[in-house]
$ cat structure16.cif   # mmCIF, C-alpha atoms and all ligand atoms
data_protein
#
loop_
_atom_site.label_atom_id
_atom_site.label_comp_id
_atom_site.auth_asym_id
_atom_site.auth_seq_id
_atom_site.Cartn_x
_atom_site.Cartn_y
_atom_site.Cartn_z
CA MET A 46 0.00 0.00 0.00
CA GLU A 47 1.32 3.45 0.84
CA ASP A 48 5.04 3.78 0.95
CA TRP A 49 6.17 6.43 3.39
CA LYS A 50 9.74 7.45 3.94
CA ARG A 51 10.63 8.69 7.38
CA ILE A 52 12.91 11.69 7.80
CA TYR A 53 13.91 12.95 11.20
CA ASN A 54 14.75 16.62 11.35
CA LYS A 55 17.13 17.04 14.28
CA SER A 56 16.97 20.79 14.63
CA GLU A 57 13.17 20.79 14.73
CA ARG A 58 12.82 17.45 16.51
CA LYS A 59 10.07 16.53 14.13
CA ILE A 60 9.42 13.40 12.13
CA TYR A 61 8.53 13.99 8.52
CA MET A 62 6.73 11.35 6.50
CA VAL A 63 7.40 11.72 2.81
CA GLY A 64 5.19 9.93 0.30
CA ASP A 65 2.26 10.17 -2.06
CA LEU A 66 0.06 12.20 0.26
CA GLU A 67 -2.11 13.40 -2.59
CA SER A 68 -3.21 9.86 -3.58
CA TYR A 69 -3.65 8.92 0.05
CA VAL A 70 -6.09 11.79 0.58
CA ASP A 71 -7.79 11.24 -2.79
CA ASN A 72 -8.52 7.63 -1.81
CA LYS A 73 -10.00 8.74 1.50
CA ILE A 74 -12.19 11.25 -0.31
CA LYS A 75 -13.29 8.63 -2.82
CA SER A 76 -14.39 6.29 -0.04
CA GLN A 77 -16.04 9.19 1.83
CA ASP A 78 -13.74 8.57 4.79
CA TYR A 79 -12.87 12.17 5.53
CA ARG A 80 -14.21 15.42 6.84
CA LYS A 81 -13.66 19.00 5.78
CA VAL A 82 -12.58 21.55 8.36
CA ARG A 83 -12.07 25.01 6.96
CA ASP A 84 -9.06 24.74 4.64
CA ASP A 85 -8.16 21.18 5.52
CA TYR A 86 -9.18 17.66 4.74
CA VAL A 87 -9.17 15.65 7.94
CA VAL A 88 -8.36 12.00 7.37
CA GLN A 89 -7.14 9.01 9.30
CA CYS A 90 -3.40 9.07 9.95
CA PRO A 91 -1.76 6.03 8.33
CA TYR A 92 0.26 5.47 11.50
CA CYS A 93 -1.48 6.14 14.77
CA ALA A 94 -5.21 5.95 14.06
CA GLY A 95 -5.48 2.16 14.13
CA ASP A 96 -3.94 1.82 17.60
CA ALA A 97 -5.88 4.64 19.13
CA TYR A 98 -9.06 3.12 17.80
CA LYS A 99 -8.26 -0.20 19.48
CA GLU A 100 -7.27 1.28 22.83
CA ASP A 101 -10.11 3.70 23.28
CA THR A 102 -13.58 2.15 23.13
CA SER A 103 -15.23 5.58 23.12
CA TYR A 104 -14.35 5.80 19.43
CA GLU A 105 -16.82 3.03 18.71
CA GLY A 106 -19.67 4.22 16.57
CA HIS A 107 -17.88 7.51 15.92
CA PRO A 108 -15.43 6.66 13.19
CA TYR A 109 -14.79 10.31 12.40
CA LEU A 110 -13.05 10.64 15.78
CA LYS A 111 -10.25 8.53 14.38
CA ARG A 112 -9.35 11.22 11.94
CA LYS A 113 -6.63 13.47 13.21
CA LEU A 114 -4.48 14.05 10.16
CA TYR A 115 -5.09 17.54 8.83
CA VAL A 116 -4.08 17.96 5.21
CA TYR A 117 -4.17 21.25 3.37
CA LEU A 118 -6.64 21.55 0.49
CA ASN A 119 -3.78 21.38 -2.02
CA LYS A 120 -2.70 18.06 -0.45
CA GLN A 121 0.96 19.04 -0.31
CA ALA A 122 1.47 18.96 3.45
CA GLY A 123 -0.31 17.69 6.51
CA HIS A 124 0.00 17.33 10.25
CA CYS A 125 -1.33 14.62 12.55
CA PHE A 126 -2.52 16.09 15.82
CA ARG A 127 -2.38 12.75 17.58
CA CYS A 128 1.14 11.51 16.82
CA GLY A 129 2.71 14.81 15.69
CA ARG A 130 4.03 13.48 12.42
CA VAL A 131 4.30 15.96 9.59
CA PHE A 132 3.47 14.64 6.13
CA MET A 133 4.67 15.96 2.83
CA ASN A 134 3.70 15.08 -0.68
CA LEU A 135 6.19 14.08 -3.32
CA SER A 136 5.78 15.09 -6.91
CA ASP A 137 7.85 15.80 -9.97
CA LYS A 138 5.98 18.96 -10.81
CA LEU A 139 3.98 21.52 -8.95
CA PRO A 140 0.32 20.45 -8.91
CA GLU A 141 -2.31 22.00 -11.15
CA THR A 142 -3.78 23.89 -8.21
CA TYR A 143 -0.83 26.27 -8.38
CA LYS A 144 -2.26 27.78 -11.55
CA LEU A 145 -5.06 29.28 -9.44
CA PRO A 146 -5.80 32.04 -8.81
CA GLU A 147 -5.12 33.38 -12.27
CA TYR A 148 -2.45 36.03 -12.35
CA ASN A 149 -3.45 39.23 -14.07
CA LEU A 150 -0.73 40.22 -16.54
CA ASN A 151 -2.25 43.62 -17.15
CA GLN A 152 -1.58 44.55 -13.57
CA GLN A 153 0.58 47.67 -13.46
CA ASP A 154 2.82 46.66 -10.61
CA PHE A 155 4.45 43.30 -10.45
CA GLN A 156 3.41 41.57 -7.22
CA LEU A 157 6.14 39.37 -5.83
CA CYS A 158 4.83 36.21 -4.17
CA LYS A 159 7.05 34.72 -1.47
CA LEU A 160 6.78 31.47 0.45
CA THR A 161 4.67 31.95 3.59
CA ASP A 162 3.41 28.43 4.22
CA GLU A 163 2.73 27.59 7.86
CA TYR A 164 5.19 24.66 7.99
CA TRP A 165 7.39 25.31 4.98
CA ASN A 166 8.29 28.94 5.35
CA LEU A 167 11.43 30.87 4.53
CA GLY A 168 12.50 30.99 8.19
CA LEU A 169 12.78 27.20 8.21
CA PHE A 170 15.53 27.33 5.60
CA ARG A 171 18.25 28.35 8.04
CA TYR A 172 17.62 25.17 10.06
CA PHE A 173 18.57 22.98 7.11
CA SER A 174 22.19 21.83 7.31
CA GLU A 175 24.92 23.40 5.23
CA TYR A 176 26.44 20.05 4.42
CA ASP A 177 25.43 16.43 4.18
CA GLU A 178 27.86 13.84 2.91
CA ARG A 179 25.25 11.68 1.12
CA GLY A 180 23.59 14.74 -0.37
CA TYR A 181 26.94 16.07 -1.55
CA GLN A 182 27.91 12.71 -3.09
CA TYR A 183 24.60 12.65 -4.92
CA LEU A 184 25.25 16.11 -6.39
CA ILE A 185 28.75 15.38 -7.65
CA THR A 186 28.09 11.84 -8.92
CA LYS A 187 24.44 11.69 -10.07
CA ARG A 188 24.39 15.27 -11.35
CA HIS A 189 27.88 16.38 -12.42
CA LYS A 190 31.31 17.46 -11.20
CA TYR A 191 30.55 21.18 -11.50
CA MET A 192 28.26 20.77 -8.50
CA LYS A 193 31.38 20.45 -6.34
CA ASP A 194 31.62 24.23 -6.08
CA LEU A 195 28.26 25.27 -7.45
CA TYR A 196 26.19 23.88 -4.59
CA LYS A 197 27.87 26.37 -2.27
CA ILE A 198 27.74 29.28 -4.71
CA LEU A 199 24.03 28.60 -5.30
CA LYS A 200 23.53 28.44 -1.50
CA PHE A 201 22.13 24.91 -1.37
CA ARG A 202 21.32 23.38 1.99
CA PHE A 203 20.36 19.85 3.01
CA PHE A 204 17.22 18.47 4.60
CA GLY A 205 18.51 15.14 5.85
CA GLU A 206 20.36 13.94 2.77
CA ASN A 207 18.17 15.87 0.36
CA PRO A 208 19.46 19.05 -1.28
CA VAL A 209 17.35 22.15 -0.65
CA ILE A 210 17.55 24.69 -3.44
CA PRO A 211 16.87 28.34 -2.58
CA PHE A 212 15.20 30.64 -5.12
CA PHE A 213 16.05 34.33 -5.43
CA TYR A 214 14.49 37.24 -7.24
CA LYS A 215 16.60 40.41 -7.55
CA GLY A 216 18.74 39.18 -4.70
CA GLU A 217 15.81 38.47 -2.41
CA PHE A 218 15.20 34.97 -1.03
CA ILE A 219 11.65 33.98 -2.08
CA TYR A 220 11.25 30.20 -2.16
CA TYR A 221 12.95 26.81 -1.95
CA GLN A 222 12.48 23.35 -3.35
CA ILE A 223 13.68 20.08 -1.86
CA LYS A 224 15.23 17.55 -4.20
CA TYR A 225 14.36 14.12 -2.88
CA ILE A 226 17.34 11.96 -3.82
CA LYS A 227 16.13 8.46 -2.97
CA HIS A 228 13.27 7.80 -5.28
CA GLN A 229 13.19 4.45 -6.99
CA HIS A 230 11.45 5.48 -10.22
CA GLY A 231 14.19 7.02 -12.40
CA ASN A 232 12.58 10.44 -12.49
CA LEU A 233 13.66 11.93 -9.21
CA PRO A 234 11.00 14.09 -7.60
CA TYR A 235 10.98 17.38 -5.79
CA PHE A 236 9.07 18.58 -2.81
CA SER A 237 7.63 21.97 -3.68
CA PRO A 238 6.20 23.83 -0.68
CA PRO A 239 2.74 25.31 -1.33
CA ILE A 240 2.75 28.81 -2.79
CA ASP A 241 0.07 30.76 -4.69
CA TYR A 242 2.19 31.48 -7.76
CA LYS A 243 4.79 29.05 -9.00
CA PRO A 244 8.07 30.99 -9.13
CA PRO A 245 10.78 30.42 -11.74
CA TYR A 246 14.24 29.33 -10.60
CA ILE A 247 16.55 32.13 -11.70
CA ILE A 248 20.35 32.16 -11.43
CA GLU A 249 20.93 35.90 -11.40
CA LYS A 250 24.04 37.64 -12.68
CA SER A 251 25.18 41.20 -12.13
CA ILE A 252 23.51 42.14 -15.43
CA ASN A 253 20.40 40.26 -16.49
CA GLU A 254 19.52 41.14 -20.07
CA LYS A 255 20.10 37.90 -21.93
CA PHE A 256 18.14 34.90 -20.68
CA VAL A 257 18.00 31.18 -21.32
CA ILE A 258 14.69 29.58 -20.38
CA CYS A 259 14.56 25.89 -19.48
CA GLU A 260 12.39 23.43 -17.54
CA GLY A 261 14.02 22.32 -14.28
CA VAL A 262 16.41 23.54 -11.60
CA PHE A 263 19.24 21.27 -12.74
CA ASP A 264 18.66 22.30 -16.36
CA ALA A 265 19.14 25.89 -15.24
CA ILE A 266 22.41 24.94 -13.58
CA ALA A 267 23.54 23.16 -16.77
CA CYS A 268 22.56 26.25 -18.81
CA LEU A 269 24.73 28.36 -16.52
CA ILE A 270 27.71 26.43 -17.88
CA LEU A 271 26.44 25.92 -21.45
CA TYR A 272 25.50 29.60 -21.90
CA PRO A 273 27.83 31.63 -19.67
CA ASP A 274 26.58 34.95 -21.07
CA ARG A 275 22.93 34.28 -20.20
CA THR A 276 20.80 34.29 -17.06
CA PRO A 277 19.17 30.85 -16.55
CA PHE A 278 15.43 30.95 -15.87
CA ALA A 279 13.72 27.60 -15.14
CA LEU A 280 9.94 27.18 -15.39
CA LEU A 281 9.59 24.12 -13.09
CA GLY A 282 7.51 22.59 -15.83
CA SER A 283 7.21 22.73 -19.58
CA SER A 284 4.99 25.81 -19.92
CA ILE A 285 5.36 29.39 -18.76
CA THR A 286 2.76 30.94 -16.46
CA ASP A 287 1.53 34.54 -16.60
CA TYR A 288 3.22 35.17 -13.27
CA GLN A 289 6.55 33.92 -14.62
CA ILE A 290 6.17 36.12 -17.70
CA ALA A 291 5.52 39.14 -15.47
CA MET A 292 8.65 38.28 -13.51
CA LEU A 293 10.71 37.84 -16.68
CA ARG A 294 9.38 41.12 -18.07
CA SER A 295 10.44 42.96 -14.91
CA TYR A 296 14.09 42.44 -15.98
CA VAL A 297 13.40 44.07 -19.37
CA PRO A 298 15.20 41.26 -21.21
CA GLN A 299 16.76 42.03 -24.59
CA ASP A 300 17.45 38.52 -25.75
CA ILE A 301 15.70 35.27 -24.80
CA LEU A 302 16.69 31.74 -25.76
CA VAL A 303 14.14 28.99 -24.98
CA TYR A 304 15.53 25.52 -24.36
CA CYS A 305 12.88 23.00 -23.26
CA ASP A 306 13.32 19.23 -23.45
CA GLU A 307 11.27 19.07 -26.65
CA THR A 308 11.31 21.51 -29.57
CA GLN A 309 7.51 21.66 -29.63
CA LEU A 310 7.45 22.83 -26.01
CA SER A 311 10.09 25.49 -26.69
CA VAL A 312 7.98 26.82 -29.59
CA ARG A 313 4.92 27.07 -27.37
CA VAL A 314 6.82 28.88 -24.59
CA ALA A 315 8.48 31.26 -27.08
CA GLU A 316 5.11 32.08 -28.69
CA LYS A 317 3.57 32.91 -25.34
CA ILE A 318 6.50 35.14 -24.34
CA MET A 319 6.29 36.97 -27.70
CA GLN A 320 2.78 38.12 -26.87
CA TYR A 321 4.06 40.06 -23.86
CA ILE A 322 7.70 40.84 -24.61
CA ASN A 323 7.54 41.71 -28.27
CA TYR A 324 10.61 43.97 -28.40
CA ALA A 325 13.14 41.28 -27.46
CA GLN A 326 15.06 38.87 -29.64
CA ILE A 327 13.52 35.44 -28.99
CA ASP A 328 15.03 32.18 -30.24
CA ILE A 329 14.67 28.51 -29.44
CA VAL A 330 17.14 25.65 -29.20
CA TYR A 331 16.11 22.67 -31.33
CA SER A 332 16.03 19.59 -29.17
CA THR A 333 18.27 16.66 -29.97
CA GLY A 334 16.36 14.51 -27.50
CA MET A 335 18.62 15.54 -24.64
CA ASP A 336 17.71 18.03 -21.94
CA PRO A 337 20.31 20.73 -21.11
CA GLU A 338 21.85 18.69 -18.30
CA GLU A 339 22.17 15.57 -20.46
CA ARG A 340 23.80 17.69 -23.14
CA LEU A 341 26.24 19.16 -20.64
CA LYS A 342 27.18 15.67 -19.46
CA SER A 343 27.66 14.37 -23.01
CA GLU A 344 29.85 17.38 -23.84
CA MET A 345 31.87 16.80 -20.67
CA ALA A 346 32.38 13.16 -21.68
CA GLU A 347 33.78 14.21 -25.06
CA ILE A 348 36.49 16.38 -23.53
ZN ZN A 401 -0.76 10.16 13.51
#
$ encode --input "structure16.cif" --output "structure tokens"
Amino acid sequence: MEDWKRIYNKSERKIYMVGDLESYVDNKIKSQDYRKVRDDYVVQCPYCAGDAYKEDTSYEGHPYLKRKLYVYLNKQAGHCFRCGRVFMNLSDKLPETYKLPEYNLNQQDFQLCKLTDEYWNLGLFRYFSEYDERGYQYLITKRHKYMKDLYKILKFRFFGENPVIPFFYKGEFIYYQIKYIKHQHGNLPYFSPPIDYKPPYIIEKSINEKFVICEGVFDAIACLILYPDRTPFALLGSSITDYQIAMLRSYVPQDILVYCDETQLSVRVAEKIMQYINYAQIDIVYSTGMDPEERLKSEMAEI
């Protein structure tokens, strides 16, 4: 059934359960075994509910009393008020719910959206460790050798063994993503704390006029090496949102190169950007079937 991975965070003295929280909650909703309390779904905790039910006969006939796991509406994080475990959802991409509410591009002033989640807030970042041996080994072996210095320059931290990647906008810390390194299905997932507008991952330079737009965080890092004269800007997906366009536009870019994993996706992203940034030079990189990081690795191998 459910496969939860347990992570103990020493500094917080909290146990985090990492797994497919979204499916877990969806199944509870499907079988009507849940209740709604304000902005939460309240479901049975996969760990402590069974025992409590057995020990306390007063629960009999009141099955809803078993439910103590409060999960946010977006199903990305939850907290069990009986056993204190914190749950977090794993996914490769930010869920669809992040597209709502719709961002209004015509808005005069660009409204920066920062991470303010109750559990996963910016303040928590400083409690993540600056170094973890397993996390570091993952970066330099599974990603590439440039990570040896880059992880420090890019201000990575570690949550257990998992790299935590901070996001900045004009020098300001706005968000972070956790790269979960032990995932058995090839495509390694991220934990993306809930936020109203999905931010791009930008590796800012002193001058940001020429951009290269790509899909993921590690593609952006590869683009930093492949295109040293450009500012990498990752979409955390294969399409660009209105909010991300507004953010991109705030730099007044002169030259934009779009490099998604597939040519068709790059065309779509470039076309959308053209509607809003029509003065800039916009080009795409034709895909050879490799994403930017794979290309970097193959070029490294040739040297
Ligand atoms: Zn529990």
$ closest_residue --input "structure16.cif" --among "A:Val88, A:Met62, A:Met319, A:Leu160" --to "A:Leu114" --atoms "all atoms listed in the file"
A:Val88
$ atom_distance --input "structure16.cif" --atom1 "atom CA of A:Arg112" --atom2 "atom CA of A:Asp162"
22.8 Å
$ residues_around --input "structure16.cif" --residues "A:Asp177" --least-positions-apart "4" --cutoff "12 Å" --atoms "all atoms listed in the file" --output "compact mmCIF listing (two decimals) with C-alpha atoms, in the coordinates of the input"
# COMPACT_ATOMS: atom_id res chain seq x y z
CA PHE A 173 18.57 22.98 7.11
CA TYR A 181 26.94 16.07 -1.55
CA GLN A 182 27.91 12.71 -3.09
CA TYR A 183 24.60 12.65 -4.92
CA LEU A 184 25.25 16.11 -6.39
CA TYR A 196 26.19 23.88 -4.59
CA PHE A 201 22.13 24.91 -1.37
CA ARG A 202 21.32 23.38 1.99
CA PHE A 203 20.36 19.85 3.01
CA PHE A 204 17.22 18.47 4.60
CA GLY A 205 18.51 15.14 5.85
CA GLU A 206 20.36 13.94 2.77
CA ASN A 207 18.17 15.87 0.36
CA PRO A 208 19.46 19.05 -1.28
CA VAL A 209 17.35 22.15 -0.65
$ closest_residue --input "structure16.cif" --among "A:Gly129, A:Gly64, A:Pro211, A:Pro277" --to "ligand ZN 401 (chain A)" --atoms "all atoms listed in the file"
A:Gly129
$ closest_atom_pairs --input "structure16.cif" --of "chain A" --to "ligand ZN 401 (chain A)" --cutoff "6 Å" --atoms "only C-alpha atoms and all ligand atoms" --output "Markdown table"
| residue | atom | partner | partner_atom | distance |
| --- | --- | --- | --- | --- |
| A:Cys90 | CA | A:ZN401 | ZN | 4.6 |
| A:Tyr92 | CA | A:ZN401 | ZN | 5.2 |
| A:Cys93 | CA | A:ZN401 | ZN | 4.3 |
| A:Cys125 | CA | A:ZN401 | ZN | 4.6 |
| A:Arg127 | CA | A:ZN401 | ZN | 5.1 |
| A:Cys128 | CA | A:ZN401 | ZN | 4.0 |
| A:Arg130 | CA | A:ZN401 | ZN | 5.9 |
$ closest_residue --input "structure16.cif" --among "A:Asn166, A:Gln121, A:Ile248, A:Asp300" --to "A:Ile270" --atoms "all atoms listed in the file"
A:Ile248
$ closest_residue --input "structure16.cif" --among "A:Lys50, A:Lys197, A:Lys75, A:Lys215" --to "A:Val63" --atoms "only C-alpha atoms"
A:Lys50
$ atom_distance --input "structure16.cif" --atom1 "atom CA of A:Arg80" --atom2 "atom CA of A:Leu118"
11.6 Å
$ atom_distance --input "structure16.cif" --atom1 "atom CA of A:Asp274" --atom2 "atom CA of A:Glu217"
21.8 Å
